[in-house]
Amino acid sequence: MSVKAKAAHDNGEIQREIFCSGQIQFIIDDVMGNVAGLSCHPYGCRVLQRILEHCADPQKTAALDEISRCHRTLLDDQYGNYVIQHVLQFGRHSDRESILGIVVESGLLSLSRQKFASNVVEKLLKYGTPEQRNAVVREMLKVVDEDGLGEHAGGTSVVILM
């Protein structure tokens with residue numbers, strides 16, 4: 001194993017040990033005070049992702065509650081979208097429903113054309129319930145006018161415009 005590969009492996013082991021030890025509540029408390037700001041930071045978003053992946057349910061629930069206050073802002077943020085993708089993967093049904101609501105309200109076509117929001121839509125299709133995936137597909141099959149601004153009888157499917 002190369003030195004670089006060993007260092008990466010060791011870093012992963014250290015992260016798992018820290019997150020699984022239960023002795024990180026002081027970090028969780030500090031992070032909960034600035035979820036929106038940290039979610040939009042290149043390193044802060046990674047801390048939130050690890051919390052969602054590895055922390056105990058009460059800690060994860062607290063993080064999900066704080067993140068839910070800024071779903072809309074994070075959805076199309078350069079780093080926040082990664083936090084939202086982790087919410088879709090590791091979060092609760094209610095979190096996925098909230099994000100689905102934002103996607104439908106904001107317009108699937110519009111979001112699918114945005115660099116970061118399109119990744120969230122993709123994860124919603126991957127991790128959503130069958131009902132949530134069907135809702136996204138229904139949005140995809142809507143007929144819109146050619147400029148993509150609204151429904152129109154002679155328009156084009158969102159799928160084609162995507």
# chains A, B, ... in the order shown; residues from 1 in each chain; ligands from 1
$ closest_atom_pairs --of "range 43-110 of chain A" --to "range 22-37 of chain A" --cutoff "7 Å" --atoms "only C-alpha atoms" --output "CSV"
residue,atom,partner,partner_atom,distance
A:Ala63,CA,A:Met32,CA,6.6
A:Glu66,CA,A:Val35,CA,6.5
A:Ile67,CA,A:Val35,CA,6.4
A:Cys70,CA,A:Ala36,CA,6.4
$ write_last_selection --atoms "N, CA, C and O atoms" --output "PDB file, in the first residue's frame"
ATOM      1  N   ALA A  63     -29.226  17.308  13.984  1.00  0.00           N
ATOM      2  CA  ALA A  63     -28.620  17.851  12.761  1.00  0.00           C
ATOM      3  C   ALA A  63     -29.669  17.989  11.666  1.00  0.00           C
ATOM      4  O   ALA A  63     -29.746  19.021  10.990  1.00  0.00           O
ATOM      5  N   GLU A  66     -31.918  20.999  12.260  1.00  0.00           N
ATOM      6  CA  GLU A  66     -31.258  22.268  11.922  1.00  0.00           C
ATOM      7  C   GLU A  66     -31.118  22.437  10.410  1.00  0.00           C
ATOM      8  O   GLU A  66     -31.352  23.515   9.875  1.00  0.00           O
ATOM      9  N   ILE A  67     -30.744  21.382   9.730  1.00  0.00           N
ATOM     10  CA  ILE A  67     -30.583  21.440   8.270  1.00  0.00           C
ATOM     11  C   ILE A  67     -31.918  21.733   7.604  1.00  0.00           C
ATOM     12  O   ILE A  67     -31.976  22.452   6.597  1.00  0.00           O
ATOM     13  N   CYS A  70     -32.909  25.165   6.425  1.00  0.00           N
ATOM     14  CA  CYS A  70     -32.257  25.829   5.288  1.00  0.00           C
ATOM     15  C   CYS A  70     -32.199  24.937   4.046  1.00  0.00           C
ATOM     16  O   CYS A  70     -31.326  25.110   3.203  1.00  0.00           O
TER      17      CYS A  70
END
$ residues_around --residues "Arg138 in chain A" --least-positions-apart "4" --cutoff "10 Å" --atoms "only C-alpha atoms" --output "list in words"
Val104, Gln132, Arg133, Asn134, Lys142 and Val158 of chain A
$ closest_residue --among "A:Val87, A:Val136, A:Val47, A:Ala56" --to "His71 in chain A" --atoms "only C-alpha atoms"
A:Val87
$ closest_residue --among "A:Gln59, A:Ser112, A:Gln78, A:Thr129" --to "Glu97 in chain A" --atoms "only C-alpha atoms"
A:Thr129
$ closest_residue --among "A:Pro42, A:Leu75, A:His54, A:Asp65" --to "Lys115 in chain A" --atoms "only C-alpha atoms"
A:Leu75
$ closest_residue --among "A:Cys40, A:Ala135, A:Gly91, A:Asp77" --to "Ala62 in chain A" --atoms "only C-alpha atoms"
A:Gly91
$ atom_distance --atom1 "CA of Leu52 in chain A" --atom2 "CA of Tyr79 in chain A"
15.3 Å
$ residues_around --residues "Ile99 in chain A" --least-positions-apart "2" --cutoff "9 Å" --atoms "only C-alpha atoms" --output "list in words"
Ser68, His71, Arg72, Leu75, Ile84, Leu88, Ser94, Asp95, Arg96, Glu97, Gly101, Ile102, Val103, Val104, Val120 and Leu124 of chain A
$ atom_distance --atom1 "CA of Leu111 in chain A" --atom2 "CA of Lys126 in chain A"
16.3 Å
$ atom_distance --atom1 "CA of Met140 in chain A" --atom2 "CA of Val121 in chain A"
11.0 Å
$ closest_residue --among "A:Gly80, A:Gln49, A:Ala117, A:Lys60" --to "Leu100 in chain A" --atoms "only C-alpha atoms"
A:Ala117
